[in-house]
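Participant: Pasting protein.tsv here (TSV, C-alpha atoms and all ligand atoms):
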```
chain	number	residue	atom	x	y	z
A	1	MET	CA	86.24	94.58	109.12
A	2	LEU	CA	88.49	96.54	111.42
A	3	THR	CA	90.96	98.95	109.89
A	4	ASN	CA	93.99	96.91	110.95
A	5	GLU	CA	92.47	93.78	109.50
A	6	LEU	CA	91.76	95.54	106.21
A	7	LEU	CA	95.33	96.79	105.98
A	8	GLU	CA	96.65	93.30	106.70
A	9	PHE	CA	94.46	91.70	104.01
A	10	SER	CA	95.38	94.41	101.56
A	11	LYS	CA	99.03	93.53	101.97
A	12	LYS	CA	98.29	89.83	101.77
A	13	TYR	CA	95.99	89.80	98.74
A	14	ILE	CA	96.70	92.84	96.56
A	15	MET	CA	99.75	93.12	94.32
A	16	ASN	CA	102.35	95.38	95.74
A	17	THR	CA	102.30	98.10	93.07
A	18	TYR	CA	101.51	101.11	95.25
A	19	ASN	CA	103.08	102.73	98.27
A	20	ARG	CA	99.71	103.29	99.91
A	21	PHE	CA	99.14	105.38	102.99
A	22	PRO	CA	97.81	103.31	105.91
A	23	VAL	CA	94.25	104.54	105.69
A	24	VAL	CA	91.01	103.07	104.34
A	25	PHE	CA	88.40	105.48	102.97
A	26	ILE	CA	84.75	104.60	103.12
A	27	LYS	CA	82.81	107.67	102.02
A	28	GLY	CA	83.08	111.14	100.57
A	29	ARG	CA	80.99	114.25	100.13
A	30	GLY	CA	82.13	117.36	98.27
A	31	THR	CA	85.65	118.25	99.39
A	32	LYS	CA	85.56	115.88	102.38
A	33	VAL	CA	86.29	112.18	102.75
A	34	PHE	CA	85.92	109.87	105.75
A	35	ASP	CA	88.05	106.90	106.78
A	36	SER	CA	87.07	103.56	108.30
A	37	ASP	CA	87.24	105.10	111.78
A	38	ASN	CA	84.89	107.83	110.54
A	39	ARG	CA	87.62	110.45	110.73
A	40	GLU	CA	87.11	113.44	108.43
A	41	TYR	CA	89.72	114.69	105.94
A	42	LEU	CA	89.89	117.65	103.60
A	43	ASP	CA	90.62	116.21	100.18
A	44	PHE	CA	93.07	118.29	98.14
A	45	VAL	CA	93.88	115.34	95.88
A	46	ALA	CA	90.37	114.53	94.58
A	47	GLY	CA	91.47	111.10	93.39
A	48	ILE	CA	94.29	112.82	91.45
A	49	ALA	CA	92.22	115.39	89.54
A	50	VAL	CA	89.31	112.98	89.10
A	51	CYS	CA	86.47	114.19	91.32
A	52	ASN	CA	86.41	117.72	89.90
A	53	LEU	CA	82.82	118.21	91.10
A	54	GLY	CA	83.66	116.81	94.51
A	55	HIS	CA	82.83	113.40	95.90
A	56	CYS	CA	79.39	111.96	95.17
A	57	HIS	CA	78.05	115.02	93.39
A	58	PRO	CA	74.25	114.57	93.60
A	59	LYS	CA	73.62	115.16	89.88
A	60	VAL	CA	76.21	112.57	88.87
A	61	THR	CA	75.03	110.11	91.52
A	62	VAL	CA	71.37	110.35	90.51
A	63	ALA	CA	72.15	110.00	86.79
A	64	PHE	CA	74.31	107.00	87.51
A	65	GLN	CA	71.68	105.40	89.78
A	66	LYS	CA	68.95	105.86	87.20
A	67	GLN	CA	71.09	104.40	84.42
A	68	ALA	CA	72.07	101.47	86.65
A	69	GLN	CA	68.40	100.54	86.79
A	70	ARG	CA	67.90	100.90	83.03
A	71	LEU	CA	70.88	99.47	81.21
A	72	VAL	CA	74.41	99.05	82.54
A	73	HIS	CA	76.18	97.58	79.55
A	74	ILE	CA	75.53	96.76	75.94
A	75	SER	CA	78.26	95.95	73.47
A	76	ASN	CA	79.60	98.45	70.93
A	77	LEU	CA	78.05	96.07	68.42
A	78	TYR	CA	75.02	98.33	69.07
A	79	HIS	CA	74.31	102.00	69.67
A	80	ASN	CA	73.45	103.40	73.09
A	81	GLU	CA	71.93	106.77	73.90
A	82	PRO	CA	74.23	107.97	76.73
A	83	GLN	CA	77.30	107.39	74.51
A	84	ILE	CA	75.80	109.32	71.58
A	85	LYS	CA	74.76	112.16	73.91
A	86	LEU	CA	78.22	112.37	75.43
A	87	ALA	CA	79.96	112.37	72.05
A	88	LYS	CA	77.67	115.21	70.92
A	89	LEU	CA	78.37	117.22	74.09
A	90	LEU	CA	82.14	116.78	73.80
A	91	VAL	CA	82.21	117.68	70.12
A	92	GLU	CA	79.97	120.72	70.60
A	93	ASN	CA	82.23	121.99	73.33
A	94	SER	CA	85.62	121.35	71.75
A	95	PHE	CA	87.67	121.60	68.54
A	96	ALA	CA	86.92	117.97	67.70
A	97	GLY	CA	84.67	116.34	65.12
A	98	LYS	CA	84.57	112.75	66.42
A	99	VAL	CA	85.13	110.84	69.66
A	100	PHE	CA	86.33	107.34	70.51
A	101	PHE	CA	85.45	106.12	74.03
A	102	CYS	CA	87.56	103.90	76.25
A	103	ASN	CA	88.09	103.38	79.97
A	104	SER	CA	91.21	105.23	81.10
A	105	GLY	CA	93.85	107.78	80.27
A	106	ALA	CA	96.36	105.19	79.13
A	107	GLU	CA	93.79	103.67	76.79
A	108	ALA	CA	92.87	107.08	75.40
A	109	ASN	CA	96.54	107.69	74.64
A	110	GLU	CA	96.90	104.19	73.15
A	111	ALA	CA	94.00	105.03	70.86
A	112	ALA	CA	95.66	108.33	69.94
A	113	ILE	CA	98.96	106.59	69.16
A	114	LYS	CA	97.17	104.06	66.95
A	115	LEU	CA	95.23	106.81	65.17
A	116	ILE	CA	98.43	108.79	64.57
A	117	ARG	CA	100.11	105.75	63.01
A	118	LYS	CA	97.15	104.82	60.83
A	119	TYR	CA	96.54	108.40	59.72
A	120	ALA	CA	100.22	108.94	58.93
A	121	LYS	CA	100.41	105.75	56.91
A	122	GLU	CA	97.36	106.63	54.83
A	123	LYS	CA	97.47	110.41	54.60
A	124	LEU	CA	101.03	111.67	55.12
A	125	LYS	CA	103.70	111.39	52.46
A	126	GLY	CA	106.70	109.11	53.02
A	127	ASN	CA	107.08	106.73	55.93
A	128	ARG	CA	106.11	108.75	58.96
A	129	TYR	CA	105.42	107.01	62.26
A	130	GLU	CA	107.60	108.64	64.90
A	131	ILE	CA	105.99	110.52	67.77
A	132	ILE	CA	107.87	113.18	69.69
A	133	THR	CA	106.93	113.39	73.38
A	134	MET	CA	108.38	115.43	76.22
A	135	GLU	CA	110.80	114.71	79.03
A	136	LYS	CA	109.00	114.46	82.40
A	137	SER	CA	105.74	113.77	80.59
A	138	PHE	CA	103.24	111.20	81.77
A	139	HIS	CA	100.94	109.32	79.41
A	140	GLY	CA	100.04	106.09	81.22
A	141	ARG	CA	101.26	102.61	82.11
A	142	THR	CA	100.61	100.40	79.08
A	143	MET	CA	103.59	99.43	76.93
A	144	ALA	CA	102.96	102.15	74.33
A	145	THR	CA	102.20	104.81	76.90
A	146	ILE	CA	105.21	104.09	79.12
A	147	THR	CA	107.25	104.43	75.96
A	148	ALA	CA	105.55	107.76	75.28
A	149	THR	CA	106.19	108.81	78.89
A	150	GLY	CA	109.49	110.68	79.07
A	151	GLN	CA	110.52	109.23	82.43
A	152	GLU	CA	112.96	106.37	82.82
A	153	LYS	CA	111.49	105.30	86.15
A	154	VAL	CA	108.24	104.06	84.55
A	155	GLN	CA	110.11	102.29	81.71
A	156	LYS	CA	112.83	100.56	83.69
A	157	GLY	CA	112.47	96.78	83.74
A	158	PHE	CA	109.94	96.63	80.92
A	159	GLU	CA	112.26	96.87	77.92
A	160	PRO	CA	112.17	96.43	74.98
A	161	LEU	CA	109.98	99.50	74.60
A	162	LEU	CA	107.87	100.29	71.55
A	163	PRO	CA	109.81	101.66	68.58
A	164	GLY	CA	108.99	105.06	67.14
A	165	PHE	CA	109.27	107.51	70.02
A	166	LYS	CA	111.63	110.44	70.51
A	167	TYR	CA	111.90	112.84	73.41
A	168	ALA	CA	112.46	116.56	73.77
A	169	PRO	CA	112.66	118.73	76.88
A	170	PHE	CA	109.32	120.35	77.73
A	171	ASN	CA	108.86	124.04	76.95
A	172	ASN	CA	111.74	124.08	74.48
A	173	ILE	CA	110.57	124.69	70.92
A	174	ASP	CA	114.05	124.44	69.39
A	175	ALA	CA	114.51	120.96	70.84
A	176	VAL	CA	111.29	119.83	69.13
A	177	LYS	CA	112.43	121.43	65.87
A	178	LYS	CA	115.67	119.48	66.13
A	179	ALA	CA	113.87	116.21	66.90
A	180	ILE	CA	111.62	116.45	63.84
A	181	ASN	CA	112.79	114.50	60.79
A	182	LYS	CA	111.21	112.84	57.75
A	183	LYS	CA	109.87	110.03	59.93
A	184	THR	CA	108.00	112.31	62.37
A	185	ALA	CA	104.22	111.90	62.39
A	186	ALA	CA	103.18	113.82	65.50
A	187	VAL	CA	104.09	115.77	68.59
A	188	MET	CA	102.28	114.66	71.74
A	189	VAL	CA	102.29	116.89	74.81
A	190	GLU	CA	100.41	117.71	78.00
A	191	PRO	CA	99.53	121.44	77.82
A	192	ILE	CA	100.62	121.56	81.46
A	193	GLN	CA	102.61	118.63	82.84
A	194	GLY	CA	100.84	117.15	85.85
A	195	GLU	CA	102.74	114.11	87.13
A	196	GLY	CA	105.95	115.75	85.91
A	197	GLY	CA	105.56	118.40	88.61
A	198	VAL	CA	102.94	120.97	87.53
A	199	ASN	CA	105.17	122.37	84.79
A	200	ILE	CA	103.57	125.33	83.06
A	201	PRO	CA	104.95	126.30	79.65
A	202	ASP	CA	105.73	129.82	78.49
A	203	ASN	CA	102.66	131.56	77.12
A	204	ASP	CA	103.71	131.16	73.48
A	205	TYR	CA	105.14	127.62	73.64
A	206	LEU	CA	102.00	125.74	72.58
A	207	LYS	CA	101.27	128.31	69.89
A	208	LYS	CA	104.77	127.83	68.52
A	209	LEU	CA	104.29	124.06	68.64
A	210	ARG	CA	101.06	124.47	66.68
A	211	ARG	CA	102.79	126.55	64.04
A	212	LEU	CA	105.71	124.12	63.83
A	213	CYS	CA	103.37	121.14	63.35
A	214	ASN	CA	101.44	123.03	60.66
A	215	ASP	CA	104.66	123.92	58.83
A	216	GLU	CA	105.87	120.33	58.98
A	217	GLY	CA	102.48	118.86	58.09
A	218	ILE	CA	102.40	116.68	61.22
A	219	LEU	CA	99.83	116.21	63.98
A	220	LEU	CA	99.67	117.98	67.32
A	221	VAL	CA	98.23	115.85	70.12
A	222	PHE	CA	97.27	117.17	73.55
A	223	ASP	CA	97.05	114.79	76.47
A	224	GLU	CA	94.45	116.60	78.59
A	225	VAL	CA	93.78	113.60	80.81
A	226	GLN	CA	94.74	115.68	83.85
A	227	THR	CA	94.24	119.26	82.62
A	228	GLY	CA	90.82	118.67	81.06
A	229	MET	CA	87.28	119.01	82.41
A	230	GLY	CA	87.74	122.42	84.01
A	231	ARG	CA	90.81	121.71	86.14
A	232	THR	CA	92.70	124.78	84.89
A	233	GLY	CA	89.68	127.12	84.85
A	234	ARG	CA	88.61	126.37	81.27
A	235	LEU	CA	86.92	123.21	80.06
A	236	PHE	CA	90.17	122.28	78.30
A	237	ALA	CA	93.60	123.77	79.00
A	238	TYR	CA	94.25	124.46	75.30
A	239	GLU	CA	91.56	127.18	75.47
A	240	HIS	CA	93.99	129.34	77.48
A	241	TYR	CA	96.40	129.44	74.58
A	242	ASN	CA	94.19	130.33	71.59
A	243	ILE	CA	95.10	127.23	69.61
A	244	GLU	CA	93.60	123.83	68.95
A	245	PRO	CA	95.21	120.40	68.79
A	246	ASP	CA	94.40	117.81	66.11
A	247	ILE	CA	93.82	115.06	68.66
A	248	MET	CA	93.06	115.29	72.39
A	249	THR	CA	92.79	112.65	75.08
A	250	LEU	CA	90.62	112.81	78.21
A	251	ALA	CA	89.95	110.58	81.18
A	252	LYS	CA	90.41	111.36	84.90
A	253	ALA	CA	87.59	113.86	85.61
A	254	LEU	CA	85.48	112.94	82.59
A	255	GLY	CA	83.18	110.72	84.68
A	256	ASN	CA	83.84	112.49	88.01
A	257	GLY	CA	85.13	109.18	89.39
A	258	VAL	CA	83.52	106.64	87.09
A	259	ALA	CA	86.10	105.01	84.82
A	260	ILE	CA	85.89	106.50	81.34
A	261	GLY	CA	88.36	107.82	78.79
A	262	ALA	CA	87.98	109.49	75.43
A	263	MET	CA	90.11	110.26	72.41
A	264	LEU	CA	88.87	113.18	70.31
A	265	ALA	CA	90.03	114.14	66.83
A	266	LYS	CA	89.23	116.44	63.96
A	267	ASP	CA	87.00	114.78	61.36
A	268	SER	CA	89.69	114.61	58.69
A	269	ILE	CA	91.96	112.67	61.06
A	270	ALA	CA	89.27	110.51	62.65
A	271	GLU	CA	88.52	109.20	59.15
A	272	ALA	CA	91.62	107.03	59.34
A	273	PHE	CA	89.73	104.78	61.79
A	274	THR	CA	87.24	102.52	60.01
A	275	PRO	CA	85.20	99.54	61.28
A	276	GLY	CA	87.62	97.09	62.85
A	277	SER	CA	90.47	99.60	63.33
A	278	HIS	CA	90.11	99.82	67.09
A	279	ALA	CA	87.72	98.59	69.76
A	280	THR	CA	87.08	98.02	73.45
A	281	THR	CA	84.42	96.05	75.29
A	282	PHE	CA	83.56	98.54	78.02
A	283	GLY	CA	84.42	101.81	76.26
A	284	GLY	CA	81.48	104.20	76.20
A	285	ASN	CA	79.09	101.91	78.01
A	286	PRO	CA	75.77	103.41	79.13
A	287	LEU	CA	76.63	103.50	82.83
A	288	ALA	CA	79.96	105.31	82.48
A	289	CYS	CA	78.56	107.70	79.86
A	290	SER	CA	75.56	108.58	82.04
A	291	ALA	CA	77.98	109.72	84.77
A	292	ALA	CA	80.09	111.65	82.27
A	293	ASN	CA	77.03	113.32	80.74
A	294	ALA	CA	75.85	114.46	84.16
A	295	ALA	CA	79.34	115.68	85.07
A	296	LEU	CA	79.86	117.57	81.80
A	297	GLU	CA	76.37	119.09	81.87
A	298	THR	CA	76.96	120.24	85.44
A	299	ILE	CA	80.32	121.77	84.57
A	300	MET	CA	78.88	123.55	81.52
A	301	GLU	CA	75.62	124.83	82.97
A	302	ASP	CA	77.32	125.96	86.14
A	303	GLY	CA	79.44	128.69	84.57
A	304	ILE	CA	80.45	129.86	88.01
A	305	LEU	CA	82.46	126.67	88.39
A	306	PHE	CA	85.22	127.93	86.07
A	307	ASP	CA	85.10	131.25	87.83
A	308	ASN	CA	85.36	129.56	91.23
A	309	CYS	CA	88.23	127.41	89.98
A	310	LEU	CA	90.21	130.46	88.84
A	311	ARG	CA	89.46	132.52	91.95
A	312	MET	CA	90.16	129.68	94.38
A	313	GLY	CA	93.31	128.79	92.44
A	314	ASP	CA	94.58	132.34	92.90
A	315	TYR	CA	93.56	132.33	96.55
A	316	LEU	CA	95.34	129.03	97.21
A	317	ILE	CA	98.51	130.17	95.42
A	318	LYS	CA	98.48	133.45	97.36
A	319	GLY	CA	98.15	131.55	100.65
A	320	LEU	CA	100.94	129.15	99.75
A	321	LYS	CA	103.19	132.04	98.70
A	322	GLU	CA	102.74	133.55	102.17
A	323	LEU	CA	104.22	130.36	103.62
A	324	LYS	CA	107.21	130.60	101.29
A	325	LYS	CA	108.39	133.68	103.16
A	326	GLU	CA	108.81	131.62	106.32
A	327	HIS	CA	110.35	128.44	104.95
A	328	SER	CA	113.55	128.43	102.93
A	329	PHE	CA	112.88	124.85	101.74
A	330	ILE	CA	110.00	126.12	99.61
A	331	LYS	CA	111.45	126.88	96.20
A	332	GLU	CA	108.51	127.87	94.01
A	333	ILE	CA	104.73	127.86	93.82
A	334	ARG	CA	103.06	127.57	90.44
A	335	GLY	CA	99.69	126.67	89.04
A	336	LYS	CA	96.83	127.28	86.69
A	337	GLY	CA	93.30	127.13	88.04
A	338	LEU	CA	93.28	124.40	90.66
A	339	LEU	CA	96.26	122.49	89.31
A	340	VAL	CA	98.78	123.81	91.80
A	341	GLY	CA	102.31	122.74	92.70
A	342	MET	CA	104.82	123.70	95.35
A	343	GLU	CA	108.40	122.81	94.56
A	344	LEU	CA	110.58	122.05	97.59
A	345	THR	CA	114.30	121.69	98.01
A	346	ILE	CA	113.60	118.72	100.32
A	347	ASP	CA	111.66	115.47	99.98
A	348	GLY	CA	107.91	116.02	100.23
A	349	LYS	CA	106.88	112.54	101.45
A	350	ASP	CA	107.04	113.36	105.18
A	351	ILE	CA	104.97	116.49	104.71
A	352	VAL	CA	102.24	114.52	102.93
A	353	MET	CA	102.26	111.95	105.76
A	354	GLU	CA	102.03	114.64	108.45
A	355	CYS	CA	99.17	116.34	106.59
A	356	LEU	CA	97.33	113.01	106.47
A	357	LYS	CA	97.71	112.67	110.24
A	358	ASP	CA	96.19	116.12	110.62
A	359	GLY	CA	93.24	115.37	108.34
A	360	LEU	CA	94.43	116.80	105.03
A	361	LEU	CA	95.07	114.91	101.80
A	362	ILE	CA	97.70	116.39	99.49
A	363	ASN	CA	99.94	114.71	96.94
A	364	CYS	CA	103.64	114.66	96.19
A	365	THR	CA	105.02	114.04	92.70
A	366	MET	CA	108.61	113.83	91.39
A	367	ASP	CA	109.72	113.46	95.06
A	368	LYS	CA	109.94	117.19	95.74
A	369	ILE	CA	106.82	118.72	94.32
A	370	LEU	CA	103.71	118.94	96.45
A	371	ARG	CA	100.57	118.97	94.34
A	372	PHE	CA	97.21	120.44	95.32
A	373	LEU	CA	94.17	119.32	93.32
A	374	PRO	CA	91.01	120.10	95.29
A	375	PRO	CA	87.58	119.69	93.70
A	376	LEU	CA	86.67	122.76	91.63
A	377	ILE	CA	83.80	123.44	94.03
A	378	VAL	CA	86.24	124.11	96.89
A	379	THR	CA	85.35	127.13	99.03
A	380	LYS	CA	87.46	129.91	100.50
A	381	GLU	CA	86.72	128.54	103.98
A	382	GLU	CA	87.98	125.09	102.97
A	383	ILE	CA	91.17	126.60	101.57
A	384	ASP	CA	91.61	128.55	104.81
A	385	SER	CA	91.26	125.31	106.82
A	386	MET	CA	93.66	123.56	104.48
A	387	LEU	CA	96.24	126.34	104.80
A	388	GLU	CA	95.93	126.25	108.58
A	389	ILE	CA	96.64	122.51	108.72
A	390	PHE	CA	99.44	122.85	106.17
A	391	TYR	CA	100.94	125.78	108.07
A	392	GLY	CA	101.03	123.71	111.27
A	393	VAL	CA	102.69	120.79	109.51
A	394	LEU	CA	105.39	122.95	107.91
A	395	LYS	CA	106.15	124.54	111.25
A	396	ARG	CA	106.52	121.11	112.83
A	397	ILE	CA	108.87	119.71	110.21
A	398	LYS	CA	110.77	122.99	109.97
A	399	LYS	CA	114.28	122.43	108.66
B	401	LIG	C1	96.77	110.09	84.82
B	401	LIG	C2	97.27	110.42	83.49
B	401	LIG	C3	97.31	109.46	82.46
B	401	LIG	C4	96.97	108.01	82.69
B	401	LIG	O1	95.63	107.83	82.99
B	401	LIG	P1	95.13	106.40	83.55
B	401	LIG	O2	93.65	106.56	83.64
B	401	LIG	O3	95.80	106.21	84.88
B	401	LIG	O4	95.55	105.37	82.59
B	401	LIG	C5	97.71	109.87	81.19
B	401	LIG	N1	98.07	111.13	80.96
B	401	LIG	C6	98.05	112.08	81.92
B	401	LIG	C7	98.44	113.47	81.58
B	401	LIG	C8	97.67	111.75	83.22
B	401	LIG	O5	97.69	112.68	84.17
```
Translate this file's structure into structure tokens.
Ligand SMILES: *Cc1c(COP(=O)(O)O)cnc(C)c1O
Facilitator:
Amino acid sequence: MLTNELLEFSKKYIMNTYNRFPVVFIKGRGTKVFDSDNREYLDFVAGIAVCNLGHCHPKVTVAFQKQAQRLVHISNLYHNEPQIKLAKLLVENSFAGKVFFCNSGAEANEAAIKLIRKYAKEKLKGNRYEIITMEKSFHGRTMATITATGQEKVQKGFEPLLPGFKYAPFNNIDAVKKAINKKTAAVMVEPIQGEGGVNIPDNDYLKKLRRLCNDEGILLVFDEVQTGMGRTGRLFAYEHYNIEPDIMTLAKALGNGVAIGAMLAKDSIAEAFTPGSHATTFGGNPLACSAANAALETIMEDGILFDNCLRMGDYLIKGLKELKKEHSFIKEIRGKGLLVGMELTIDGKDIVMECLKDGLLINCTMDKILRFLPPLIVTKEEIDSMLEIFYGVLKRIKK
């Protein structure tokens, strides 16, 4: 089909839930993607922090192909080897003792919310069920996770929301202290807020949260759906802060593009789930787990990947900071590893559109924050090309 035809059918047949850019992508390789007219783009979105190893990484592709010929799906009524292997890999490389597999970030957070409630009911004294989440957080689009998400714009129109959630401003320990009462069961937070605008907490914030949760005898839950799988230069972002959560959720880059989510917990907490507590048809199926195993093995064996992520992150931030000198509408540049944001004083939508026209994919979140999420394999040369395109665009839209 021709591009125009595709765009027309898309409008006609697909529910209107996204403001999509008028482009159809047909293939990708590493940091590059190609549209239906075979035009090449540098991808600094990576499917929103999903393709951390780049598009169609050969190790992931081969593992996936092989598994597709062996066994695609078998119910969780039975065991399957890729799922067991992946659980072992995740546990061996994290704080956790047990894993529950699902298919997305929202589902991983749903599972976490259910585990918190069940654990609190059975193991915590009193009637504790409330979960404190942060303003500007993002936890997904199901009813429980839009309630957890501290942003009115995702909740509006879907009321009544789920009971049992309270909100505190991010990076403000006193506000969390104030929000805790005898009903509080857990604090749930992204170590670095992604959709909320690449908000990086003070160095001691998460440590203080950990201490507070210990003192109160409540759970600390990290949503690492976006920050996990090497994005910030460590396998998990919590590793930067010398603390561990009680529960952690993963999705996005876990399968390098194949839909898979996971909720990890310490053994003593995971015990609250027993046969029948929670389930999903597709969660942890052999095909998705084969991709995730290949992705995780590649990330772990290729130690230089973390190193590259940190070095390229610094290089990108340095390049972007150079541009700040020339444009007064650039307010701040911040990031950790290759989760990088540029806060503007103006709307970022036009800039993203102009970049697209010039063959560069970037993202804009919270209207005014440009977000850069290239694959972790990105090279210095690719960042140079990206900066050159971006430089040209900023000059053109100069205000
Ligand atoms: C993307 C994201 C989610 C939701 O993941 P889905 O797979 O879209 O359901 C949840 N939490 C965070 C931090 C995210 O970035």
Participant: Taking only residues of chain A that have an atom at most 10 Å from an atom of ligand LIG 401 (chain B), what is each one's shortest atom pair and its distance in Å to one decimal, using all atoms listed in the file, in chain and number order, as JSON lines?
Facilitator:
```
{"residue": "A:Ile48", "atom": "CA", "partner": "B:LIG401", "partner_atom": "C1", "distance": 7.6}
{"residue": "A:Ala49", "atom": "CA", "partner": "B:LIG401", "partner_atom": "O5", "distance": 8.1}
{"residue": "A:Val50", "atom": "CA", "partner": "B:LIG401", "partner_atom": "C1", "distance": 9.1}
{"residue": "A:Cys102", "atom": "CA", "partner": "B:LIG401", "partner_atom": "O2", "distance": 9.9}
{"residue": "A:Asn103", "atom": "CA", "partner": "B:LIG401", "partner_atom": "O2", "distance": 7.4}
{"residue": "A:Ser104", "atom": "CA", "partner": "B:LIG401", "partner_atom": "O2", "distance": 3.8}
{"residue": "A:Gly105", "atom": "CA", "partner": "B:LIG401", "partner_atom": "O1", "distance": 3.3}
{"residue": "A:Ala106", "atom": "CA", "partner": "B:LIG401", "partner_atom": "O4", "distance": 3.6}
{"residue": "A:Glu107", "atom": "CA", "partner": "B:LIG401", "partner_atom": "O4", "distance": 6.3}
{"residue": "A:Ala108", "atom": "CA", "partner": "B:LIG401", "partner_atom": "O4", "distance": 7.9}
{"residue": "A:Asn109", "atom": "CA", "partner": "B:LIG401", "partner_atom": "C5", "distance": 7.0}
{"residue": "A:Glu110", "atom": "CA", "partner": "B:LIG401", "partner_atom": "O4", "distance": 9.6}
{"residue": "A:Ser137", "atom": "CA", "partner": "B:LIG401", "partner_atom": "C7", "distance": 7.4}
{"residue": "A:Phe138", "atom": "CA", "partner": "B:LIG401", "partner_atom": "N1", "distance": 5.2}
{"residue": "A:His139", "atom": "CA", "partner": "B:LIG401", "partner_atom": "C5", "distance": 3.7}
{"residue": "A:Gly140", "atom": "CA", "partner": "B:LIG401", "partner_atom": "C4", "distance": 3.9}
{"residue": "A:Arg141", "atom": "CA", "partner": "B:LIG401", "partner_atom": "O4", "distance": 6.4}
{"residue": "A:Thr142", "atom": "CA", "partner": "B:LIG401", "partner_atom": "O4", "distance": 7.9}
{"residue": "A:Thr145", "atom": "CA", "partner": "B:LIG401", "partner_atom": "C5", "distance": 8.0}
{"residue": "A:Ile146", "atom": "CA", "partner": "B:LIG401", "partner_atom": "C5", "distance": 9.7}
{"residue": "A:Ala148", "atom": "CA", "partner": "B:LIG401", "partner_atom": "N1", "distance": 10.0}
{"residue": "A:Thr149", "atom": "CA", "partner": "B:LIG401", "partner_atom": "N1", "distance": 8.7}
{"residue": "A:Val189", "atom": "CA", "partner": "B:LIG401", "partner_atom": "C7", "distance": 8.5}
{"residue": "A:Glu190", "atom": "CA", "partner": "B:LIG401", "partner_atom": "C7", "distance": 5.9}
{"residue": "A:Pro191", "atom": "CA", "partner": "B:LIG401", "partner_atom": "C7", "distance": 8.9}
{"residue": "A:Ile192", "atom": "CA", "partner": "B:LIG401", "partner_atom": "C7", "distance": 8.4}
{"residue": "A:Gln193", "atom": "CA", "partner": "B:LIG401", "partner_atom": "C7", "distance": 6.8}
{"residue": "A:Gly194", "atom": "CA", "partner": "B:LIG401", "partner_atom": "O5", "distance": 5.7}
{"residue": "A:Glu195", "atom": "CA", "partner": "B:LIG401", "partner_atom": "O5", "distance": 6.0}
{"residue": "A:Gly196", "atom": "CA", "partner": "B:LIG401", "partner_atom": "C7", "distance": 9.0}
{"residue": "A:Phe222", "atom": "CA", "partner": "B:LIG401", "partner_atom": "C7", "distance": 8.9}
{"residue": "A:Asp223", "atom": "CA", "partner": "B:LIG401", "partner_atom": "C7", "distance": 5.5}
{"residue": "A:Glu224", "atom": "CA", "partner": "B:LIG401", "partner_atom": "C7", "distance": 5.9}
{"residue": "A:Val225", "atom": "CA", "partner": "B:LIG401", "partner_atom": "C6", "distance": 4.7}
{"residue": "A:Gln226", "atom": "CA", "partner": "B:LIG401", "partner_atom": "O5", "distance": 4.2}
{"residue": "A:Thr227", "atom": "CA", "partner": "B:LIG401", "partner_atom": "C7", "distance": 7.2}
{"residue": "A:Gly228", "atom": "CA", "partner": "B:LIG401", "partner_atom": "C7", "distance": 9.2}
{"residue": "A:Thr249", "atom": "CA", "partner": "B:LIG401", "partner_atom": "N1", "distance": 8.0}
{"residue": "A:Leu250", "atom": "CA", "partner": "B:LIG401", "partner_atom": "N1", "distance": 8.1}
{"residue": "A:Ala251", "atom": "CA", "partner": "B:LIG401", "partner_atom": "O2", "distance": 6.0}
{"residue": "A:Lys252", "atom": "CA", "partner": "B:LIG401", "partner_atom": "O2", "distance": 5.9}
{"residue": "A:Ala253", "atom": "CA", "partner": "B:LIG401", "partner_atom": "O2", "distance": 9.7}
{"residue": "A:Ala259", "atom": "CA", "partner": "B:LIG401", "partner_atom": "O2", "distance": 7.8}
{"residue": "A:Ile260", "atom": "CA", "partner": "B:LIG401", "partner_atom": "O2", "distance": 8.1}
{"residue": "A:Gly261", "atom": "CA", "partner": "B:LIG401", "partner_atom": "O2", "distance": 7.3}
```
Participant: Show me, as a Markdown table, the residues of stretch 153-176 of chain A having an atom within 12 Å of stretch 112-118 of chain A, each with the closest atom pair and its distance in Å, using all atoms listed in the file.
Facilitator:
```
| residue | atom | partner | partner_atom | distance |
| --- | --- | --- | --- | --- |
| A:Leu162 | CA | A:Ile113 | CA | 11.2 |
| A:Pro163 | CA | A:Arg117 | CA | 11.9 |
| A:Gly164 | CA | A:Arg117 | CA | 9.8 |
| A:Phe165 | CA | A:Ile113 | CA | 10.4 |
```
Participant: What is the distance between atom CA of A:Asn363 and atom CA of A:Phe44, in Å to one decimal?
Facilitator: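 Distance between the two atoms: 7.8 Å.
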Participant: In Å, how far is it from atom CA of A:Ser328 to atom CA of A:Asp314?
Facilitator: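 Separation between atom CA of A:Ser328 and atom CA of A:Asp314: 21.8 Å.
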Participant: Between atom CA of A:Leu296 and atom CA of A:Cys309, what is the spacing in Å?
Facilitator: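 Here the two named atoms are 15.3 Å from each other.
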Participant: Select, from A:Ile330, A:Leu356, A:Leu320, A:Leu376, the residue with the minimum atom-to-atom distance to A:Met229, counting only C-alpha atoms.
Facilitator: A:Leu376
Participant: Near A:Leu42, counting all atoms listed in the file, which residues have an atom at most 12 Å away, once you skip same-chain residues fewer than 3 positions from it, shown as a ChimeraX atom specification?
Facilitator: /A:28-35,39,45-46,54-55,355-362,372-375,378-379,381-390
Participant: May I have the residues within 10 Å of stretch 264-278 of chain A as number ranges by chain, using all atoms listed in the file and disregarding those fewer than 6 positions away in the same chain?
Facilitator: A: 87, 90-91, 94-101, 108, 111-112, 114-123, 219, 221-222, 244-250
Participant: Pick out the closest residue to A:Gly126 from this set: A:Lys336, A:His327, A:Lys182, A:Arg20. Count all atoms listed in the file.
Facilitator: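 Closest candidate: A:Lys182.
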